[in-house]
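Student: I'd like to ask you about the structure that follows.
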Amino acid sequence: MTMSGIDYSVWDHIYVSDDEDVTCPFVDTPSLFRMRHRSRLEKMVEFQQRGEDLETSFAECRRLLEEAQGRLAYLEERMREGGEDKEREAELKKVQTEIKKLKQDEKSFEKLLEEHQKEEKKLPWNVDTISKDGFSKSVLNFKPLSKEETGEEKVGNHKNFLRKYGKEIKLFGMLRRWDDSQQYLSDHPHLVCEETANYLAVICIEYEIDEKHALMEQVAHQAIVMQFILDLARTLKVDPRGCFRQFFSKIKTLDKSYQDAFEHELEMLKERVRSSAQTHMENAVKELEEEEIQKRLGPGCLDPVEVYESLPKEVKRSFHEKNIQMLQEAMSKLDPEEGKYHLKRCIDSGLWVPDSRGDEDGEEDGDQEED
């Protein structure tokens, strides 16, 4: 029957309860009702538990499959880079067999779950299911509008992240044991991101510049840990915060090829850090030299050291001995144009500071030379 456009026929199939449908004159009726009700509730709990077990097994199967696929992708990449390797090829076949088995298990669990859900839909309603809360909370499932960050916004967000979590990142950089690192990331999952890996690399360079080589190598180890977690997340196409435990599971299984790859990347990072630190120090020295040059530039923006080195031997000697008479004699021996050239450069660099008396003498000398 329909009323106001609403179909109420579904209520015709509601099964309220049969606990009180049949009674027996030889059995206490309330006790009989309670026994039947308890029996029905036990069957409901058993049915629900079976469904939850299936969902748990299905999720675990998918997790293992994703992890195996990640290992397969890693091994295939290493095979392409390193050529043929019997041990690696055997491991590759082993993983392929494992993936095949897991895919079969996944289909089986999926089929069992579908059958369980169909069976659940066929169950009649009763007073317990009707009165049970369908939802304990409301969840709005929507994807926020993605907005591409500008360069300034990226820099600002990066600075804010380091200002907020810089100390936590440094603490993570000091850890060494796998279990300690895993527990720390479990307690601080917001650190599992690209910003952390980049900041750890910056800390490595700072330690190397300060010649704290042991600390540099320690933090470099943790930087590679974070980088491997991010690489695994990209391979599995999942959020890195959801797969960092898989990395620690893999690295602790004593998989030689995986550990060798880790050590190789670690050594490469150390070399890059040393090279970068050396470049930073060379640039710093150049900057200091440039500052010193700028400070000593003369009024004509010439470097007195450079000008001094370019002077003729006798002129340079007179400057060295601070002998004005020797300087005048050395200048008089030069070609007039050459003398003027060197004199002007000495004045522009601040090596020679002419006074009024010197200028008058210079003018008189110039008049005599013209005569």
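Labels for the structure tokens follow display order: chains A, B, ..., residues from 1 in each chain, ligands from 1.
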Write out as a list in words which residues come within 7 Å of range 186-192 of chain A when counting only C-alpha atoms, dropping same-chain ones fewer than 2 positions away.

Tutor: Gln182, Gln183, Tyr184, Thr196, Met226, Pro240 and Arg241 of chain A

Student: At a cut-off of 9 Å, can you tabulate as a tab-separated table every residue of range 191-232 of chain A near range 262-281 of chain A together with its closest atom pair and the distance in Å to one decimal, using only C-alpha atoms and ordering rows by chain then number?

Tutor:
residue	atom	partner	partner_atom	distance
A:Ala201	CA	A:Val273	CA	7.6
A:Val202	CA	A:Val273	CA	8.7
A:Cys204	CA	A:Val273	CA	6.7
A:Ile205	CA	A:Val273	CA	5.5
A:Glu206	CA	A:Ala277	CA	7.5
A:Tyr207	CA	A:Ala277	CA	8.9
A:Glu208	CA	A:Ala277	CA	6.2
A:Ile209	CA	A:Ala277	CA	5.5
A:Met216	CA	A:Lys270	CA	8.0
A:Glu217	CA	A:Lys270	CA	6.9
A:Ala220	CA	A:Lys270	CA	6.7
A:His221	CA	A:Leu266	CA	6.3
A:Ala223	CA	A:Leu266	CA	8.5
A:Ile224	CA	A:Leu266	CA	6.1
A:Val225	CA	A:Phe262	CA	8.2
A:Phe228	CA	A:Phe262	CA	7.9

Student: Take the selection from the previous step and output its residues with all heavy atoms, as a tab-separated table (two decimals), in the first residue's frame.

Tutor:
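File result.tsv, as written:
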chain	number	residue	atom	x	y	z
A	201	ALA	N	68.40	15.97	4.97
A	201	ALA	CA	69.55	16.14	4.08
A	201	ALA	C	70.26	17.47	4.37
A	201	ALA	O	71.50	17.54	4.35
A	201	ALA	CB	69.09	16.10	2.62
A	202	VAL	N	69.49	18.52	4.67
A	202	VAL	CA	70.08	19.82	5.01
A	202	VAL	C	70.89	19.71	6.31
A	202	VAL	O	72.00	20.25	6.41
A	202	VAL	CB	68.97	20.89	5.16
A	202	VAL	CG1	69.55	22.18	5.74
A	202	VAL	CG2	68.32	21.17	3.82
A	204	CYS	N	72.36	17.08	7.42
A	204	CYS	CA	73.58	16.34	7.08
A	204	CYS	C	74.67	17.29	6.56
A	204	CYS	O	75.83	17.21	6.97
A	204	CYS	CB	73.28	15.29	6.01
A	204	CYS	SG	72.34	13.87	6.59
A	205	ILE	N	74.28	18.19	5.67
A	205	ILE	CA	75.25	19.13	5.09
A	205	ILE	C	75.80	20.06	6.17
A	205	ILE	O	77.00	20.34	6.22
A	205	ILE	CB	74.59	19.95	3.97
A	205	ILE	CG1	74.20	19.01	2.81
A	205	ILE	CG2	75.52	21.03	3.46
A	205	ILE	CD1	73.40	19.68	1.71
A	206	GLU	N	74.93	20.50	7.08
A	206	GLU	CA	75.38	21.39	8.16
A	206	GLU	C	76.40	20.68	9.06
A	206	GLU	O	77.41	21.26	9.44
A	206	GLU	CB	74.17	21.84	8.99
A	206	GLU	CG	73.24	22.80	8.23
A	206	GLU	CD	72.01	23.14	9.03
A	206	GLU	OE1	71.79	22.52	10.10
A	206	GLU	OE2	71.25	24.02	8.59
A	207	TYR	N	76.13	19.41	9.38
A	207	TYR	CA	77.06	18.65	10.21
A	207	TYR	C	78.39	18.44	9.49
A	207	TYR	O	79.46	18.51	10.11
A	207	TYR	CB	76.46	17.30	10.61
A	207	TYR	CG	75.49	17.37	11.76
A	207	TYR	CD1	74.34	16.59	11.79
A	207	TYR	CD2	75.72	18.21	12.84
A	207	TYR	CE1	73.45	16.65	12.85
A	207	TYR	CE2	74.84	18.28	13.91
A	207	TYR	CZ	73.70	17.49	13.91
A	207	TYR	OH	72.83	17.56	14.96
A	208	GLU	N	78.35	18.18	8.20
A	208	GLU	CA	79.58	17.96	7.43
A	208	GLU	C	80.40	19.24	7.35
A	208	GLU	O	81.63	19.21	7.44
A	208	GLU	CB	79.24	17.45	6.04
A	208	GLU	CG	80.44	17.08	5.18
A	208	GLU	CD	81.23	15.92	5.73
A	208	GLU	OE1	80.68	15.13	6.54
A	208	GLU	OE2	82.41	15.78	5.35
A	209	ILE	N	79.73	20.38	7.18
A	209	ILE	CA	80.44	21.66	7.15
A	209	ILE	C	81.12	21.92	8.48
A	209	ILE	O	82.25	22.43	8.53
A	209	ILE	CB	79.46	22.81	6.81
A	209	ILE	CG1	79.01	22.68	5.34
A	209	ILE	CG2	80.10	24.16	7.05
A	209	ILE	CD1	77.93	23.67	4.96
A	216	MET	N	76.84	13.39	10.86
A	216	MET	CA	76.35	13.44	9.48
A	216	MET	C	75.93	12.06	9.00
A	216	MET	O	74.85	11.89	8.41
A	216	MET	CB	77.45	14.01	8.58
A	216	MET	CG	77.03	14.13	7.10
A	216	MET	SD	77.20	12.62	6.12
A	216	MET	CE	78.96	12.53	5.90
A	217	GLU	N	76.76	11.05	9.26
A	217	GLU	CA	76.45	9.70	8.80
A	217	GLU	C	75.21	9.15	9.52
A	217	GLU	O	74.42	8.41	8.93
A	217	GLU	CB	77.65	8.80	9.03
A	217	GLU	CG	78.85	9.17	8.17
A	217	GLU	CD	80.01	8.22	8.34
A	217	GLU	OE1	79.90	7.30	9.19
A	217	GLU	OE2	81.03	8.38	7.63
A	220	ALA	N	72.21	10.86	7.96
A	220	ALA	CA	72.08	10.38	6.58
A	220	ALA	C	71.34	9.04	6.55
A	220	ALA	O	70.53	8.78	5.65
A	220	ALA	CB	73.45	10.24	5.93
A	221	HIS	N	71.62	8.19	7.53
A	221	HIS	CA	70.93	6.90	7.63
A	221	HIS	C	69.42	7.11	7.74
A	221	HIS	O	68.63	6.46	7.05
A	221	HIS	CB	71.45	6.14	8.85
A	221	HIS	CG	70.79	4.82	9.08
A	221	HIS	ND1	69.60	4.70	9.80
A	221	HIS	CD2	71.12	3.55	8.70
A	221	HIS	CE1	69.24	3.42	9.83
A	221	HIS	NE2	70.15	2.72	9.18
A	223	ALA	N	67.75	9.77	6.86
A	223	ALA	CA	67.25	10.41	5.63
A	223	ALA	C	66.93	9.35	4.58
A	223	ALA	O	65.92	9.45	3.87
A	223	ALA	CB	68.29	11.40	5.10
A	224	ILE	N	67.77	8.32	4.48
A	224	ILE	CA	67.51	7.24	3.53
A	224	ILE	C	66.31	6.41	3.97
A	224	ILE	O	65.53	5.93	3.14
A	224	ILE	CB	68.77	6.36	3.37
A	224	ILE	CG1	69.87	7.17	2.70
A	224	ILE	CG2	68.48	5.13	2.52
A	224	ILE	CD1	69.53	7.68	1.31
A	225	VAL	N	66.14	6.24	5.29
A	225	VAL	CA	64.93	5.55	5.79
A	225	VAL	C	63.69	6.25	5.28
A	225	VAL	O	62.77	5.63	4.74
A	225	VAL	CB	64.94	5.51	7.34
A	225	VAL	CG1	63.57	5.09	7.86
A	225	VAL	CG2	66.00	4.54	7.84
A	228	PHE	N	63.25	5.88	1.44
A	228	PHE	CA	62.78	4.55	1.05
A	228	PHE	C	61.28	4.41	1.33
A	228	PHE	O	60.56	3.78	0.57
A	228	PHE	CB	63.57	3.46	1.78
A	228	PHE	CG	64.70	2.90	0.96
A	228	PHE	CD1	65.70	3.72	0.48
A	228	PHE	CD2	64.75	1.55	0.65
A	228	PHE	CE1	66.74	3.21	-0.29
A	228	PHE	CE2	65.79	1.02	-0.11
A	228	PHE	CZ	66.79	1.86	-0.58

Student: Give me the residues near range 94-105 of chain A as JSON, numbers by chain, where near means some atom within 10 Å (using only C-alpha atoms) and where sequence neighbours in that chain fewer than 6 positions away do not count.

Tutor: {"A": [57, 58, 61, 62, 63, 64, 65, 66, 67, 68, 69, 70, 71, 72, 75, 88, 111]}

Student: Could the residues in this selection be written to a file with N, CA and C atoms, as a PDB file, in the first residue's frame?

Tutor:
ATOM      1  N   SER A  57      40.259 -10.784   7.147  1.00  0.00           N
ATOM      2  CA  SER A  57      41.113 -11.647   6.321  1.00  0.00           C
ATOM      3  C   SER A  57      41.281 -11.067   4.920  1.00  0.00           C
ATOM      4  N   PHE A  58      40.189 -10.499   4.386  1.00  0.00           N
ATOM      5  CA  PHE A  58      40.238  -9.903   3.056  1.00  0.00           C
ATOM      6  C   PHE A  58      41.181  -8.695   3.034  1.00  0.00           C
ATOM      7  N   CYS A  61      44.793  -9.865   3.324  1.00  0.00           N
ATOM      8  CA  CYS A  61      45.224 -10.442   2.046  1.00  0.00           C
ATOM      9  C   CYS A  61      45.606  -9.330   1.068  1.00  0.00           C
ATOM     10  N   ARG A  62      44.808  -8.278   1.024  1.00  0.00           N
ATOM     11  CA  ARG A  62      45.113  -7.150   0.132  1.00  0.00           C
ATOM     12  C   ARG A  62      46.396  -6.441   0.559  1.00  0.00           C
ATOM     13  N   ARG A  63      46.595  -6.315   1.858  1.00  0.00           N
ATOM     14  CA  ARG A  63      47.812  -5.667   2.337  1.00  0.00           C
ATOM     15  C   ARG A  63      49.050  -6.461   1.936  1.00  0.00           C
ATOM     16  N   LEU A  64      48.987  -7.779   2.117  1.00  0.00           N
ATOM     17  CA  LEU A  64      50.108  -8.634   1.732  1.00  0.00           C
ATOM     18  C   LEU A  64      50.346  -8.588   0.226  1.00  0.00           C
ATOM     19  N   LEU A  65      49.250  -8.505  -0.531  1.00  0.00           N
ATOM     20  CA  LEU A  65      49.370  -8.436  -1.993  1.00  0.00           C
ATOM     21  C   LEU A  65      50.049  -7.137  -2.413  1.00  0.00           C
ATOM     22  N   GLU A  66      49.656  -6.008  -1.808  1.00  0.00           N
ATOM     23  CA  GLU A  66      50.285  -4.729  -2.126  1.00  0.00           C
ATOM     24  C   GLU A  66      51.768  -4.749  -1.780  1.00  0.00           C
ATOM     25  N   GLU A  67      52.089  -5.340  -0.647  1.00  0.00           N
ATOM     26  CA  GLU A  67      53.485  -5.422  -0.235  1.00  0.00           C
ATOM     27  C   GLU A  67      54.291  -6.287  -1.201  1.00  0.00           C
ATOM     28  N   ALA A  68      53.727  -7.410  -1.612  1.00  0.00           N
ATOM     29  CA  ALA A  68      54.417  -8.293  -2.561  1.00  0.00           C
ATOM     30  C   ALA A  68      54.590  -7.611  -3.913  1.00  0.00           C
ATOM     31  N   GLN A  69      53.577  -6.865  -4.351  1.00  0.00           N
ATOM     32  CA  GLN A  69      53.683  -6.139  -5.615  1.00  0.00           C
ATOM     33  C   GLN A  69      54.764  -5.065  -5.534  1.00  0.00           C
ATOM     34  N   GLY A  70      54.887  -4.448  -4.356  1.00  0.00           N
ATOM     35  CA  GLY A  70      55.957  -3.469  -4.170  1.00  0.00           C
ATOM     36  C   GLY A  70      57.328  -4.124  -4.266  1.00  0.00           C
ATOM     37  N   ARG A  71      57.481  -5.305  -3.650  1.00  0.00           N
ATOM     38  CA  ARG A  71      58.750  -6.029  -3.749  1.00  0.00           C
ATOM     39  C   ARG A  71      59.042  -6.431  -5.178  1.00  0.00           C
ATOM     40  N   LEU A  72      58.000  -6.851  -5.893  1.00  0.00           N
ATOM     41  CA  LEU A  72      58.173  -7.262  -7.288  1.00  0.00           C
ATOM     42  C   LEU A  72      58.658  -6.090  -8.137  1.00  0.00           C
ATOM     43  N   LEU A  75      62.319  -5.423  -7.319  1.00  0.00           N
ATOM     44  CA  LEU A  75      63.228  -6.430  -7.873  1.00  0.00           C
ATOM     45  C   LEU A  75      63.351  -6.298  -9.388  1.00  0.00           C
ATOM     46  N   ARG A  88      68.832 -13.031  -7.471  1.00  0.00           N
ATOM     47  CA  ARG A  88      67.755 -12.063  -7.641  1.00  0.00           C
ATOM     48  C   ARG A  88      66.641 -12.619  -8.525  1.00  0.00           C
ATOM     49  N   LYS A 111      34.565 -13.407  -2.914  1.00  0.00           N
ATOM     50  CA  LYS A 111      33.369 -14.193  -3.185  1.00  0.00           C
ATOM     51  C   LYS A 111      32.642 -14.550  -1.892  1.00  0.00           C
TER      52      LYS A 111
END

Student: Which of these, A:Tyr258, A:Glu120, A:Glu153, A:Phe109, has the shortest distance to Glu77 in chain A once you count only C-alpha atoms?

Tutor: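 Of all the options, A:Tyr258 lies closest to Glu77 in chain A.
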
Student: Just the number, please: distance in Å from CA of Arg317 in chain A to CA of Leu351 in chain A, one decimal.

Tutor: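 Rounded to one decimal, the two atoms are 13.0 Å apart.
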
Student: Would you return as number ranges by chain the members of range 91-272 of chain A that DSSP assigns to helix (DSSP H, G or I) on this structure's backbone?

Tutor: A: 91-122, 127-130, 151-173, 178-187, 189-191, 194-209, 213-236, 240-242, 244-251, 256-272

Student: Which distance in Å separates CA of Gly173 in chain A and CA of Asn157 in chain A, to one decimal?

Tutor: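 Spanning CA of Gly173 in chain A to CA of Asn157 in chain A is a straight-line distance of 21.3 Å.
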
Student: Name the closest residue to Leu171 in chain A among the candidates A:Gln259, A:Ile203, A:Leu311, A:Asp335; distances are taken between atoms, counting only C-alpha atoms.

Tutor: A:Ile203

Student: Between CA of Ser349 in chain A and CA of Ser332 in chain A, what is the spacing in Å?

Tutor: 20.7 Å

Student: Counting only C-alpha atoms, which residue out of A:Val238, A:Leu232, A:Ala59, A:Leu175 sits closest to Ala73 in chain A?

Tutor: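 Ranked by minimum distance to Ala73 in chain A, first place goes to A:Leu232.
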